[in-house]
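Just final_3.txt here, compact mmCIF, C-alpha atoms:
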# COMPACT_ATOMS: atom_id res chain seq x y z
CA MET A 1 328.70 110.08 203.09
CA LYS A 2 329.00 107.39 205.73
CA ILE A 3 326.89 104.25 205.40
CA LYS A 4 325.32 104.88 208.82
CA GLN A 5 324.21 108.38 207.80
CA LEU A 6 322.87 107.13 204.48
CA TRP A 7 320.89 104.40 206.25
CA GLY A 8 319.43 106.94 208.63
CA ILE A 9 318.28 109.15 205.77
CA THR A 10 316.78 106.15 203.96
CA VAL A 11 314.83 105.05 207.04
CA ALA A 12 313.58 108.58 207.66
CA LEU A 13 312.44 108.90 204.06
CA PHE A 14 310.66 105.54 204.22
CA ILE A 15 308.84 106.53 207.39
CA THR A 16 307.83 109.86 205.89
CA MET A 17 306.48 108.17 202.73
CA SER A 18 304.61 105.56 204.79
CA VAL A 19 302.95 108.18 206.98
CA GLN A 20 301.98 110.20 203.92
CA ALA A 21 300.52 107.12 202.24
CA GLN A 22 298.46 106.36 205.35
CA GLU A 23 297.36 109.98 205.72
CA PHE A 24 296.00 110.12 202.17
CA ASP A 25 294.52 106.65 201.77
CA LYS A 26 291.97 106.60 198.98
CA GLN A 27 289.55 104.41 200.94
CA ASP A 28 289.55 106.88 203.81
CA VAL A 29 288.77 109.64 201.33
CA LEU A 30 285.89 107.61 199.91
CA LYS A 31 284.51 106.83 203.37
CA THR A 32 284.51 110.52 204.22
CA VAL A 33 282.74 111.43 200.99
CA VAL A 34 280.12 108.71 201.52
CA LYS A 35 279.54 109.86 205.10
CA VAL A 36 278.89 113.42 203.96
CA ASN A 37 276.48 112.21 201.31
CA ASP A 38 274.71 109.83 203.70
CA TYR A 39 274.08 112.73 206.06
CA PHE A 40 272.51 114.75 203.28
CA MET A 41 270.33 111.94 201.90
CA ALA A 42 269.06 111.10 205.39
CA LYS A 43 268.19 114.71 206.19
CA TYR A 44 266.58 115.33 202.79
CA ALA A 45 265.08 111.89 202.32
CA ASP A 46 262.32 113.04 199.95
CA PRO A 47 263.99 114.69 196.95
CA THR A 48 260.68 115.98 195.62
CA LEU A 49 259.95 118.30 198.53
CA ALA A 50 260.22 122.01 197.83
CA THR A 51 262.88 124.00 199.66
CA GLN A 52 261.74 126.61 202.13
CA VAL A 53 264.31 129.34 202.72
CA LYS A 54 262.44 132.63 203.13
CA ARG A 55 260.07 131.34 200.44
CA MET A 56 259.14 128.07 198.75
CA ARG A 57 261.28 126.93 195.83
CA GLU A 58 260.88 123.79 193.74
CA SER A 59 263.60 121.27 194.46
CA ASN A 60 265.13 121.52 190.99
CA LEU A 61 266.57 124.93 191.84
CA TRP A 62 270.29 125.47 191.26
CA THR A 63 271.38 124.71 194.82
CA ARG A 64 269.92 121.21 194.65
CA ALA A 65 271.10 120.73 191.08
CA VAL A 66 274.72 121.24 192.17
CA TYR A 67 274.26 118.57 194.84
CA TYR A 68 273.21 116.08 192.17
CA GLU A 69 276.28 116.91 190.10
CA GLY A 70 278.30 115.69 193.06
CA LEU A 71 276.11 112.64 193.58
CA MET A 72 276.53 111.59 189.95
CA ALA A 73 280.30 111.86 190.42
CA LEU A 74 280.07 109.62 193.49
CA GLN A 75 277.88 107.14 191.63
CA ALA A 76 280.55 106.86 188.95
CA ILE A 77 283.22 105.62 191.40
CA ALA A 78 281.10 103.85 194.05
CA PRO A 79 277.82 102.87 192.40
CA GLN A 80 274.80 102.19 194.58
CA GLN A 81 271.26 101.67 193.40
CA ARG A 82 269.99 104.00 196.12
CA TYR A 83 271.85 106.89 194.50
CA ILE A 84 270.20 106.10 191.18
CA ASP A 85 266.75 105.73 192.75
CA TYR A 86 267.09 108.97 194.69
CA THR A 87 268.14 110.90 191.59
CA LEU A 88 265.62 109.22 189.30
CA ARG A 89 262.79 110.15 191.66
CA TRP A 90 263.96 113.77 191.55
CA CYS A 91 264.21 113.82 187.76
CA ASP A 92 260.83 112.15 187.25
CA HIS A 93 259.15 114.54 189.68
CA HIS A 94 260.35 117.50 187.64
CA GLY A 95 259.53 115.95 184.29
CA TRP A 96 263.18 116.06 183.21
CA MET A 97 262.64 119.74 182.57
CA ALA A 98 264.34 122.99 183.48
CA ARG A 99 262.90 124.93 186.39
CA GLY A 100 260.33 127.14 184.72
CA GLY A 101 259.90 124.93 181.68
CA VAL A 102 261.38 124.74 178.20
CA THR A 103 261.42 128.53 177.76
CA ALA A 104 263.77 129.06 180.73
CA THR A 105 266.83 131.16 179.93
CA ASN A 106 268.11 131.80 183.45
CA ALA A 107 271.18 129.64 184.00
CA ASP A 108 270.21 128.92 187.60
CA ASN A 109 266.96 127.36 186.41
CA GLN A 110 268.73 125.27 183.77
CA CYS A 111 271.42 123.80 186.02
CA CYS A 112 269.32 120.70 186.81
CA GLU A 113 269.61 119.64 183.16
CA GLN A 114 273.23 118.60 183.73
CA THR A 115 272.05 115.78 185.96
CA TYR A 116 269.23 114.83 183.60
CA ILE A 117 271.88 114.19 180.95
CA ASP A 118 274.25 112.39 183.32
CA LEU A 119 271.56 110.10 184.72
CA HIS A 120 270.18 109.34 181.27
CA ARG A 121 273.69 108.34 180.18
CA MET A 122 274.00 105.99 183.15
CA THR A 123 270.56 104.39 183.03
CA LYS A 124 269.03 105.14 179.61
CA LYS A 125 265.92 106.15 181.55
CA GLY A 126 263.96 109.36 181.26
CA THR A 127 264.12 111.74 178.35
CA LEU A 128 266.42 114.49 177.15
CA ALA A 129 263.82 115.96 174.80
CA PRO A 130 262.80 118.82 177.14
CA THR A 131 266.46 119.75 177.70
CA GLN A 132 267.19 119.76 174.00
CA GLU A 133 264.08 121.83 173.30
CA ASN A 134 265.06 124.30 176.01
CA LEU A 135 268.55 124.79 174.60
CA GLU A 136 267.31 125.09 171.03
CA LYS A 137 264.80 127.76 172.05
CA GLN A 138 267.56 129.77 173.70
CA ILE A 139 269.85 129.42 170.70
CA ALA A 140 266.98 130.59 168.48
CA THR A 141 266.81 133.92 170.35
CA GLY A 142 270.14 134.83 168.76
CA LYS A 143 271.25 136.37 172.06
CA VAL A 144 274.42 135.29 173.85
CA ASP A 145 274.31 137.82 176.69
CA TYR A 146 272.34 135.86 179.28
CA TRP A 147 275.28 134.95 181.55
CA THR A 148 275.86 138.26 183.31
CA TRP A 149 277.30 136.65 186.46
CA ILE A 150 280.10 134.11 186.52
CA ASP A 151 278.17 131.48 188.49
CA ALA A 152 276.06 131.08 185.36
CA ILE A 153 279.02 129.60 183.50
CA GLN A 154 278.89 126.56 185.78
CA MET A 155 275.12 126.41 185.93
CA ALA A 156 274.50 126.40 182.18
CA MET A 157 277.56 126.04 179.97
CA PRO A 158 278.21 122.33 180.70
CA ILE A 159 274.66 121.56 179.55
CA TYR A 160 275.45 122.84 176.07
CA LEU A 161 278.70 120.87 175.92
CA LYS A 162 277.01 117.71 177.20
CA MET A 163 274.28 118.06 174.62
CA TYR A 164 276.92 118.56 171.95
CA ALA A 165 278.58 115.33 173.09
CA GLU A 166 275.23 113.53 172.93
CA THR A 167 274.08 114.82 169.54
CA LYS A 168 277.30 115.91 167.75
CA ASP A 169 275.30 119.00 166.78
CA ARG A 170 277.82 121.85 166.74
CA ARG A 171 275.12 124.43 167.41
CA PHE A 172 275.32 123.53 171.08
CA LEU A 173 279.11 123.80 171.21
CA ASP A 174 279.14 127.07 169.29
CA TYR A 175 276.43 128.69 171.38
CA GLY A 176 278.02 127.66 174.67
CA MET A 177 281.38 129.07 173.59
CA LYS A 178 279.91 132.32 172.23
CA SER A 179 278.06 132.85 175.51
CA TYR A 180 281.19 132.08 177.52
CA LEU A 181 283.33 134.46 175.49
CA TRP A 182 280.73 137.22 175.82
CA THR A 183 280.86 136.89 179.62
CA ARG A 184 284.64 136.65 179.55
CA ASN A 185 285.39 139.52 177.21
CA THR A 186 282.38 141.85 176.98
CA CYS A 187 280.10 141.75 180.02
CA GLY A 188 280.96 144.67 182.30
CA GLY A 189 284.05 145.28 180.21
CA GLY A 190 285.06 141.63 180.50
CA LEU A 191 284.73 139.60 183.69
CA PHE A 192 288.00 137.71 183.29
CA ASN A 193 291.09 139.62 184.36
CA GLU A 194 293.68 138.00 182.11
CA LYS A 195 296.50 139.78 183.92
CA GLU A 196 295.63 138.24 187.29
CA GLY A 197 293.99 135.02 186.05
CA LEU A 198 290.85 135.54 188.12
CA TRP A 199 287.24 136.54 187.53
CA TRP A 200 285.16 139.46 188.70
CA ARG A 201 281.83 138.19 189.95
CA ASP A 202 279.56 140.24 187.65
CA LYS A 203 279.28 143.62 185.93
CA ASP A 204 278.88 145.36 189.30
CA TYR A 205 282.18 143.97 190.65
CA VAL A 206 284.69 145.03 188.01
CA PRO A 207 287.34 147.68 188.72
CA PRO A 208 287.52 149.73 190.82
CA TYR A 209 285.71 147.30 193.15
CA LYS A 210 288.04 146.72 196.09
CA GLU A 211 288.18 145.13 199.49
CA GLN A 212 288.79 147.28 202.58
CA ASP A 213 292.53 146.67 202.29
CA GLY A 214 292.57 148.15 198.79
CA ARG A 215 293.03 144.85 196.96
CA ASN A 216 290.79 143.58 194.17
CA CYS A 217 287.74 141.61 195.20
CA TYR A 218 287.70 138.14 193.65
CA TRP A 219 285.10 135.93 195.26
CA SER A 220 286.33 132.42 195.99
CA ARG A 221 283.23 130.40 195.17
CA GLY A 222 282.46 132.50 192.10
CA ASN A 223 285.89 131.66 190.70
CA GLY A 224 285.31 128.08 191.83
CA TRP A 225 282.18 127.90 189.70
CA VAL A 226 284.12 128.95 186.61
CA TYR A 227 286.99 126.59 187.40
CA ALA A 228 284.59 123.66 187.77
CA ALA A 229 282.77 124.62 184.58
CA LEU A 230 285.99 124.55 182.60
CA VAL A 231 286.60 121.00 183.83
CA ARG A 232 283.06 119.88 183.08
CA CYS A 233 283.12 121.39 179.60
CA MET A 234 286.58 120.18 178.58
CA SER A 235 285.56 116.69 179.73
CA GLU A 236 282.94 116.65 176.96
CA MET A 237 285.31 117.55 174.11
CA SER A 238 288.28 116.22 172.22
CA PRO A 239 291.51 117.99 173.18
CA GLN A 240 291.86 118.71 169.46
CA GLU A 241 288.82 121.01 169.46
CA LYS A 242 289.60 124.71 169.13
CA ALA A 243 287.14 125.33 171.97
CA TYR A 244 288.99 122.89 174.21
CA LYS A 245 292.24 124.74 173.63
CA GLN A 246 290.58 128.08 174.44
CA LEU A 247 289.19 126.75 177.70
CA LYS A 248 292.45 125.01 178.55
CA ASN A 249 294.33 128.30 178.32
CA ASP A 250 291.95 129.91 180.80
CA PHE A 251 292.15 126.84 183.03
CA LEU A 252 295.93 127.08 183.12
CA ALA A 253 295.85 130.80 183.88
CA MET A 254 293.36 130.27 186.69
CA SER A 255 295.32 127.34 188.10
CA ALA A 256 298.50 129.37 188.37
CA ALA A 257 296.67 132.26 189.99
CA LEU A 258 294.78 130.05 192.44
CA LEU A 259 297.92 128.20 193.50
CA LYS A 260 299.30 131.51 194.79
CA CYS A 261 296.12 132.22 196.79
CA GLN A 262 295.96 129.05 198.89
CA HIS A 263 296.49 129.57 202.61
CA ASP A 264 299.00 127.55 204.62
CA ASP A 265 296.16 125.58 206.24
CA GLY A 266 294.98 124.31 202.83
CA PHE A 267 291.90 126.50 202.52
CA TRP A 268 291.27 129.32 200.11
CA GLY A 269 289.75 132.38 201.72
CA VAL A 270 286.46 133.85 200.54
CA SER A 271 288.31 136.84 199.06
CA LEU A 272 291.11 135.31 197.04
CA VAL A 273 293.81 137.98 196.99
CA SER A 274 292.79 139.67 200.23
CA PRO A 275 293.80 137.23 202.99
CA THR A 276 293.10 139.69 205.80
CA THR A 277 289.48 140.17 204.72
CA TYR A 278 287.38 137.39 206.27
CA PRO A 279 290.55 135.33 206.87
CA GLY A 280 288.97 132.14 208.21
CA PRO A 281 288.32 128.80 206.44
CA GLU A 282 285.73 128.39 203.67
CA MET A 283 284.71 125.01 202.34
CA THR A 284 282.91 125.47 199.01
CA GLY A 285 285.56 127.38 197.08
CA THR A 286 288.25 125.09 198.46
CA ALA A 287 286.31 122.02 197.26
CA LEU A 288 285.87 123.41 193.77
CA PHE A 289 289.55 124.30 193.47
CA LEU A 290 290.49 120.79 194.61
CA TYR A 291 288.11 119.42 191.98
CA GLY A 292 289.79 121.39 189.22
CA MET A 293 293.38 120.85 190.27
CA THR A 294 293.09 117.11 190.77
CA TRP A 295 291.36 116.78 187.40
CA GLY A 296 294.12 118.83 185.81
CA ILE A 297 296.80 116.58 187.28
CA ARG A 298 294.98 113.46 186.14
CA GLN A 299 294.71 114.79 182.60
CA GLY A 300 298.38 115.72 182.48
CA ILE A 301 297.49 119.39 182.11
CA LEU A 302 298.91 120.45 185.48
CA LYS A 303 302.31 119.35 186.76
CA GLU A 304 301.95 116.98 189.69
CA LYS A 305 305.05 118.30 191.45
CA ASP A 306 303.56 121.79 191.52
CA TYR A 307 299.92 121.04 192.27
CA LEU A 308 299.74 117.78 194.22
CA PRO A 309 300.97 119.39 197.47
CA ALA A 310 298.19 121.96 197.15
CA CYS A 311 295.63 119.19 196.58
CA ASP A 312 296.85 117.23 199.59
CA LYS A 313 296.56 120.31 201.79
CA ALA A 314 293.14 121.11 200.36
CA TRP A 315 291.82 117.63 201.14
CA LYS A 316 293.11 117.82 204.72
CA ALA A 317 291.34 121.16 205.04
CA LEU A 318 288.09 119.80 203.62
CA ALA A 319 288.20 116.70 205.83
CA SER A 320 288.49 118.99 208.84
CA CYS A 321 285.11 120.50 207.91
CA VAL A 322 283.28 117.18 208.38
CA HIS A 323 281.42 116.59 211.63
CA LYS A 324 281.08 113.08 213.06
CA ASP A 325 277.57 112.78 211.61
CA GLY A 326 278.61 114.04 208.17
CA PHE A 327 277.46 117.65 208.51
CA LEU A 328 279.75 120.13 206.77
CA GLY A 329 281.07 123.18 208.56
CA TRP A 330 282.66 126.32 207.14
CA ASN A 331 280.08 126.43 204.34
CA GLN A 332 279.48 129.96 203.08
CA GLY A 333 275.80 130.63 202.49
CA THR A 334 274.34 131.84 199.22
CA GLY A 335 275.29 135.28 197.98
CA LYS A 336 277.54 136.94 195.48
CA ASP A 337 280.62 138.19 197.27
CA PRO A 338 282.93 137.46 200.21
CA SER A 339 280.68 139.24 202.71
CA ALA A 340 277.76 136.85 202.17
CA GLY A 341 276.81 134.64 205.10
CA GLN A 342 279.46 136.03 207.42
CA PRO A 343 280.61 135.14 209.95
CA LEU A 344 281.28 131.54 208.99
CA SER A 345 282.01 128.79 211.51
CA PHE A 346 282.48 125.06 211.91
CA TYR A 347 279.01 124.80 213.47
CA LYS A 348 276.92 127.27 211.48
CA VAL A 349 274.19 125.81 209.26
CA PRO A 350 274.08 127.75 205.97
CA ASP A 351 270.82 128.85 204.37
CA PHE A 352 271.16 125.98 201.88
CA GLU A 353 273.19 122.82 202.56
CA ASP A 354 272.80 121.18 199.18
CA TYR A 355 275.20 123.04 196.89
CA GLY A 356 277.97 122.90 199.48
CA THR A 357 277.54 119.15 199.71
CA GLY A 358 277.72 118.95 195.93
CA CYS A 359 280.96 120.94 195.86
CA PHE A 360 282.45 118.68 198.54
CA LEU A 361 281.48 115.54 196.63
CA LEU A 362 282.98 116.84 193.39
CA GLY A 363 286.27 117.71 195.07
CA GLY A 364 286.46 114.56 197.19
CA VAL A 365 285.60 112.19 194.35
CA GLU A 366 288.16 113.73 191.99
CA TYR A 367 290.82 113.56 194.70
CA TYR A 368 289.95 109.89 195.29
CA LYS A 369 290.39 109.23 191.56
CA LEU A 370 293.78 110.91 191.64
CA LEU A 371 294.93 108.71 194.52
CA ALA A 372 293.54 105.61 192.83
CA GLN A 373 295.19 106.04 189.44
Encoded form (structure tokens):
Amino acid sequence: MKIKQLWGITVALFITMSVQAQEFDKQDVLKTVVKVNDYFMAKYADPTLATQVKRMRESNLWTRAVYYEGLMALQAIAPQQRYIDYTLRWCDHHGWMARGGVTATNADNQCCEQTYIDLHRMTKKGTLAPTQENLEKQIATGKVDYWTWIDAIQMAMPIYLKMYAETKDRRFLDYGMKSYLWTRNTCGGGLFNEKEGLWWRDKDYVPPYKEQDGRNCYWSRGNGWVYAALVRCMSEMSPQEKAYKQLKNDFLAMSAALLKCQHDDGFWGVSLVSPTTYPGPEMTGTALFLYGMTWGIRQGILKEKDYLPACDKAWKALASCVHKDGFLGWNQGTGKDPSAGQPLSFYKVPDFEDYGTGCFLLGGVEYYKLLAQ
């Protein structure tokens, strides 16, 4: 090859690498994440106020709890006392207790306990006694069939693994895994399709549940909840644990399946293997998949050469959802399948904004950490 041609290729490659480095600057990612969070905290300045969507709900409901998961992730990389104060006020208001008290068994009502544990770890304030009592009461029932919908895996399972990490009491690890495996293998005939690496949403959505085009219906955000839960649970265990290895296998199977489902624009559609059904962008599932894939790369579980391009595209897609004031577009409202909250748009305000913000923060923060390492 001639020297002139080689020089031209070298210059072109340098320019390409420079543009890519500028396009995915970690500080720009952080600024975007902070802007989204600032919008939310300004709009919902009093974290104790109940949420009114069709009816009044106490602010420790699952939608708000997911937001705080994201805020705790942001606090870990860009600490600000106002984040701590905002979260502490929320925890104190609810007595560091599950929604419904220590006898709660519904995963949605327990989700807030994840943040109670995270904040207590950071500040040593508050108490984990109500959370521990709640989990022990559920274990004492001897039942492991509470999680009949896959969202519940994210809402509740990490609490058991976090409490195991805090206490070293294997009852919490064992119960969380038994409950997970019941949902995976038994509920509705087994909600995890090992062949396709994706999850049916609940016992009503197993085969022959199909989309209009005849393909299986795998809801994006539902699978995102499971994917995030695997990350949050594995993060609390030694890789040498048998349970870690079980979850890692499912994480790898999901990762491979999800990689095939990503659209060219970086988003994942609301119906994962049916791209013609509701084909437009969707933010929450995309954020959760970015969260899992970037974590997997950072842990050396996923190959960077295979998954980093997908993460880069996903972040570009997510950044395109952010309005100038920090409002998030393309946020699918609450529901349990791809049809919920349709049609979506860049401008539509969903029924709840909090969980979508939490998903965005989780994905954005983990992507920032990947760029920073």
Residue neighbourhood A:Arg171, 12 Å, only C-alpha atoms, exclusion window fewer than 5 positions, as a list in words: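 Here the answer would be Gln132, Leu135, Glu136, Lys137, Gln138, Ile139, Ala140, Gly142, Tyr160, Leu161, Met163, Tyr164, Ala165, Gly176, Met177 and Lys178 of chain A.
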Straight-line distance linking atom CA of A:Ala76 with atom CA of A:Phe289, stated in Å to one decimal: 20.1 Å
Separation of atom CA of A:Leu258 from atom CA of A:Val273, in Å and rounded to one decimal: 9.2 Å
For A:Cys111, the nearest of the candidates A:Arg232, A:Lys35, A:Lys124, A:Arg64, counting only C-alpha atoms: A:Arg64
Residue with smallest distance to A:Ala129 - pool A:Asp145, A:Cys321, A:Met97, A:Gln240, counting only C-alpha atoms: A:Met97
Gap from atom CA of A:Val29 to atom CA of A:Leu371 - Å, one decimal: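 Value for the atom CA of A:Val29-atom CA of A:Leu371 distance: 9.2 Å.
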Residues of stretch 52-83 of chain A within 12 Å of stretch 228-231 of chain A: nearest atom pair and distance (Å, one decimal) for each, counting all atoms listed in the file, sorted by chain and number, as a tab-separated table?
residue	atom	partner	partner_atom	distance
A:Val66	CA	A:Ala228	CA	11.1
A:Glu69	CA	A:Ala228	CA	11.0
A:Gly70	CA	A:Ala228	CA	11.4
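Distances to A:Arg89 were evaluated for A:Ser274, A:Ser59, A:Thr32, A:Thr334 using all atoms listed in the file, and the minimum falls at A:Ser59.
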Selected residue of minimal separation from A:Glu211 among A:Val270, A:Ala156, A:Met254, A:Leu247, counting all atoms listed in the file: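 Among A:Val270, A:Ala156, A:Met254, A:Leu247, it is A:Val270 that comes nearest to A:Glu211.
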Among the residues A:Gly222, A:Gly300, A:Gly335, A:Pro343, the one that comes closest to A:Ser271 [using all atoms listed in the file]: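 Closest candidate: A:Gly222.
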Best match for closeness to A:Pro207 among A:Leu128, A:Leu181, A:Ala310, A:Leu191, counting only C-alpha atoms: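 Using only C-alpha atoms, the shortest distance to A:Pro207 belongs to A:Leu191.
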Shell around A:Val34 at 12 Å using all atoms listed in the file, local window under 4 positions removed, as a PyMOL selection string: chain A and resi 27-30+38-42+70-71+73-75+77-80+83+322+325-327+357-358+360-362+364-365+368
Local residues around (275.3, 126.0, 209.6), at most 9 Å away, using only C-alpha atoms, as a ChimeraX atom specification: /A:327-333,344-353
How would stretch 175-200 of chain A of the given structure read as a file with N, CA and C atoms, as a short mmCIF file (atom, residue, chain, number, x, y, z; two decimals), in the first residue's frame?
data_model
loop_
_atom_site.label_atom_id
_atom_site.label_comp_id
_atom_site.auth_asym_id
_atom_site.auth_seq_id
_atom_site.Cartn_x
_atom_site.Cartn_y
_atom_site.Cartn_z
N TYR A 175 -34.78 -17.84 49.98
CA TYR A 175 -36.18 -17.54 49.68
C TYR A 175 -36.30 -16.76 48.37
N GLY A 176 -35.41 -15.78 48.18
CA GLY A 176 -35.45 -15.02 46.94
C GLY A 176 -35.24 -15.91 45.73
N MET A 177 -34.32 -16.85 45.81
CA MET A 177 -34.05 -17.74 44.69
C MET A 177 -35.20 -18.73 44.46
N LYS A 178 -35.76 -19.26 45.53
CA LYS A 178 -36.88 -20.19 45.38
C LYS A 178 -38.08 -19.48 44.73
N SER A 179 -38.31 -18.25 45.12
CA SER A 179 -39.42 -17.49 44.53
C SER A 179 -39.16 -17.21 43.06
N TYR A 180 -37.93 -16.83 42.76
CA TYR A 180 -37.55 -16.57 41.37
C TYR A 180 -37.72 -17.81 40.51
N LEU A 181 -37.23 -18.94 41.00
CA LEU A 181 -37.30 -20.17 40.21
C LEU A 181 -38.74 -20.65 40.05
N TRP A 182 -39.59 -20.38 41.03
CA TRP A 182 -41.01 -20.72 40.87
C TRP A 182 -41.61 -19.92 39.73
N THR A 183 -41.34 -18.61 39.70
CA THR A 183 -41.85 -17.77 38.62
C THR A 183 -41.28 -18.22 37.28
N ARG A 184 -40.01 -18.51 37.27
CA ARG A 184 -39.31 -18.90 36.05
C ARG A 184 -39.81 -20.22 35.48
N ASN A 185 -39.99 -21.21 36.36
CA ASN A 185 -40.18 -22.57 35.89
C ASN A 185 -41.60 -23.13 36.06
N THR A 186 -42.38 -22.55 36.98
CA THR A 186 -43.66 -23.15 37.34
C THR A 186 -44.86 -22.28 37.02
N CYS A 187 -44.79 -21.01 37.36
CA CYS A 187 -45.94 -20.12 37.17
C CYS A 187 -46.41 -20.12 35.71
N GLY A 188 -47.68 -20.44 35.49
CA GLY A 188 -48.21 -20.45 34.14
C GLY A 188 -47.50 -21.41 33.21
N GLY A 189 -46.87 -22.44 33.78
CA GLY A 189 -46.09 -23.36 32.97
C GLY A 189 -44.65 -22.93 32.80
N GLY A 190 -44.29 -21.84 33.49
CA GLY A 190 -42.93 -21.30 33.39
C GLY A 190 -42.91 -20.05 32.54
N LEU A 191 -42.58 -18.90 33.14
CA LEU A 191 -42.65 -17.63 32.43
C LEU A 191 -41.40 -17.31 31.62
N PHE A 192 -40.34 -18.08 31.82
CA PHE A 192 -39.13 -17.86 31.02
C PHE A 192 -39.09 -18.86 29.88
N ASN A 193 -39.04 -18.35 28.66
CA ASN A 193 -38.91 -19.21 27.49
C ASN A 193 -37.42 -19.40 27.22
N GLU A 194 -36.88 -20.50 27.71
CA GLU A 194 -35.44 -20.73 27.58
C GLU A 194 -35.01 -20.77 26.11
N LYS A 195 -35.87 -21.26 25.25
CA LYS A 195 -35.53 -21.37 23.83
C LYS A 195 -35.29 -20.01 23.21
N GLU A 196 -36.10 -19.02 23.58
CA GLU A 196 -35.99 -17.69 22.98
C GLU A 196 -35.28 -16.70 23.89
N GLY A 197 -35.04 -17.05 25.14
CA GLY A 197 -34.31 -16.17 26.05
C GLY A 197 -35.10 -14.98 26.53
N LEU A 198 -36.43 -15.05 26.46
CA LEU A 198 -37.28 -13.93 26.85
C LEU A 198 -38.41 -14.43 27.75
N TRP A 199 -39.06 -13.48 28.41
CA TRP A 199 -40.07 -13.80 29.43
C TRP A 199 -41.48 -13.43 28.98
N TRP A 200 -42.41 -14.34 29.25
CA TRP A 200 -43.82 -14.00 29.16
C TRP A 200 -44.16 -13.11 30.35
#
